[in-house]
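Presented below is the structure to which this report refers.
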Amino acid sequence: MYKTSAHLLTISKISFLTSEAVELTFDVPERLGPYYAYTPGQYVALEENILGQPVRRTYSISSAPTHGKLSVGIKKIFDGKFSNYAFDCLDVGKKLRVFKPDGRFFIDYEDNQNLLFIACGSGITPVISIIDFVLKTKHNSTVTLLYGNKTIESTMYRERLEALKNSHLERIFLNYFFSEEKQEIEFKQGRIDRGKIESLINQRQLNPSNVDALFLCGPQEMISSMKEVFANHLGTNVPLISELFLSDNRVIEKKKGVRKNLRRVKTFVKVKIDGLIKDIELADEETIIDAALRQKIELPFSCKGGMCCTCRCLVKEGEVVLEKNYSLEKWEEEMGFTLACQAYPKTDNVFLDFDAS
Ligand code: FES
């Protein structure tokens, strides 16, 4: 099945998680089961025509494979075309284009691991999938979750977390923090920051030397500060993986500096996708993904903001410069991978391979 293929899947259930978050569950026909098989921590891109325009967005999978279903969690964001549409207009029975699960927010889950998760807001969505899966299938593993929200009411998946806690009391440790609501225990109030982590460590409620993997999911500032805090605490080979989620009301800023400096009359980019070679002509300041869309060439993409990594490809010839990158790891950049939604050609000829992994 091709990388750019999507299928129309029917929404079988809609659950309102908070006053600003909803979960969509899709009916996956048996014949498409292998295509939509996923690893907990992955996402799917959804696409729908909204006001006459195709709008594609990436959402993390919230269900666990053990549930035998495919669900995504969607939080309404200010001015969010898709999230507002999902919240206000979708109904059970409606069909949406759903792409193949993708993403790298996972590790090899083994049977005897202590996993630490730090999530904020809708960053809980891939985390709940992993926690659910690990508790139900890895019977000697433990999970610790530090979960930050504005208020109790805005906390996604609180009931599901509590239910998991009740059934796995010995193996799950939940710590909630609220930034906009007074708490009886003062420590629970405020954002998850360096001070809170250091206090948990000093009070021996958190022992980083026992952690086998750290997962960070939320806004950039939380991810950066936690990476700094844990740099000196985690063992050298302990995986630290992160997934960026925009915080409420934030939009991806547009920086055009890179494009202006590289302004060219015309650039041709050759791409390999699903085994086929195609040529794309770029107009001035146009991204490779936007140029492909204009020329009706299907390439994998979703966020168009350097965050989801769906448009990851290998630069086989020529050079590009990246405008924004929130998802490629350093080693991937060193190997020549780039993000087509953020890459601008520096040379006259560029060849990008979307089939390289
Ligand atoms: S489309 Fe998401 S990083 Fe390019």
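Every chain in the structure tokens has a letter given in the order shown (A, B, ...), and although residue numbers restart at 1 in each chain, ligands are simply numbered from 1 in the order shown.
Residues of protein, DNA or RNA having any atom at most 7 Å from ligand 1, counting only C-alpha atoms and all ligand atoms, are Phe301, Ser302, Cys303, Lys304, Gly305, Gly306, Met307, Cys308, Cys309, Thr310, Cys311, Arg312, Ser327, Leu339, Ala340, Cys341 and Gln342 of chain A.
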- [ ] Within range 219-353 of chain A, find each residue whose DSSP state, derived from the backbone, is helix (DSSP H, G or I), and express the selection as a PyMOL selection string.
- [x] chain A and resi 220-231+257-261+288-294+330-335
Every residue of range 270-311 of chain A that DSSP places in strand (DSSP E or B), as an mmCIF file with C-alpha atoms, in the first residue's frame:
```cif
data_model
loop_
_atom_site.group_PDB
_atom_site.id
_atom_site.type_symbol
_atom_site.label_atom_id
_atom_site.label_comp_id
_atom_site.auth_asym_id
_atom_site.auth_seq_id
_atom_site.Cartn_x
_atom_site.Cartn_y
_atom_site.Cartn_z
ATOM 1 C CA LYS A 270 12.775 15.869 -8.663
ATOM 2 C CA VAL A 271 11.035 13.590 -6.156
ATOM 3 C CA LYS A 272 10.767 9.821 -5.763
ATOM 4 C CA ILE A 273 7.537 8.723 -4.124
ATOM 5 C CA LEU A 276 7.770 6.805 -9.143
ATOM 6 C CA ILE A 277 9.910 9.802 -10.155
ATOM 7 C CA LYS A 278 8.111 13.129 -10.575
ATOM 8 C CA ASP A 279 9.254 16.685 -11.395
ATOM 9 C CA ILE A 280 7.998 19.693 -9.476
ATOM 10 C CA GLU A 281 8.523 23.288 -10.507
ATOM 11 C CA LEU A 282 8.778 25.733 -7.614
#
```
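Going from CA of Leu352 in chain A to CA of Glu332 in chain A covers 14.2 Å.
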TODO: Please identify all polymer residues within 8 Å of Gln189 in chain A, counting only C-alpha atoms, omitting same-chain residues fewer than 3 positions from it, and present them as a ChimeraX atom specification.
DONE: /A:177-183,185-186
Task: Long-range neighbours of range 153-167 of chain A as an NGL selection string, 8 Å cut-off, only C-alpha atoms, 3 positions minimum in chain - done: :A and (17-21 or 121-122 or 124 or 128 or 132 or 135 or 149-150 or 172-174)
Open item on the list: Please compute the CA of Gly148 in chain A-CA of Arg57 in chain A distance, one decimal, in Å.
Closed with: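 For CA of Gly148 in chain A relative to CA of Arg57 in chain A, the distance reads 23.9 Å.
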- [ ] Give the answer as one residue: which of A:Phe187, A:Tyr326, A:Leu314, A:Ile130 has the shortest atom-to-atom distance to Glu221 in chain A, using only C-alpha atoms?
- [x] A:Tyr326
Task: Selection: 10 Å around Thr25 in chain A, only C-alpha atoms, excl. self and same-chain fewer than 4 positions, as number ranges by chain - done: A: 9-15, 61-63, 69-73, 92
Open item on the list: When you look at Asn49 in chain A with a cut-off of 12 Å (counting only C-alpha atoms), what residues show up, excluding the ones that are within fewer than 4 positions of it in the same chain? I need them as a ChimeraX atom specification.
Closed with: /A:53-57,81-82,85-86,95-97
Go ahead and write the residues just picked, C-alpha atoms, as a PDB file, in the first residue's frame.
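Saved as part36.pdb:
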```pdb
ATOM      1  CA  GLN A  53     -10.701  23.526   0.526  1.00  0.00           C
ATOM      2  CA  PRO A  54      -9.014  20.234   1.453  1.00  0.00           C
ATOM      3  CA  VAL A  55      -7.750  20.589   5.023  1.00  0.00           C
ATOM      4  CA  ARG A  56      -5.350  17.968   6.380  1.00  0.00           C
ATOM      5  CA  ARG A  57      -4.281  17.718  10.010  1.00  0.00           C
ATOM      6  CA  LYS A  81      -9.965  24.968  10.896  1.00  0.00           C
ATOM      7  CA  PHE A  82     -10.050  21.230  11.396  1.00  0.00           C
ATOM      8  CA  TYR A  85     -14.952  21.567  12.302  1.00  0.00           C
ATOM      9  CA  ALA A  86     -14.469  18.262  14.153  1.00  0.00           C
ATOM     10  CA  LYS A  95     -16.609   9.515   6.478  1.00  0.00           C
ATOM     11  CA  LEU A  96     -13.182  11.177   6.555  1.00  0.00           C
ATOM     12  CA  ARG A  97     -10.001  10.496   4.588  1.00  0.00           C
TER      13      ARG A  97
END
```
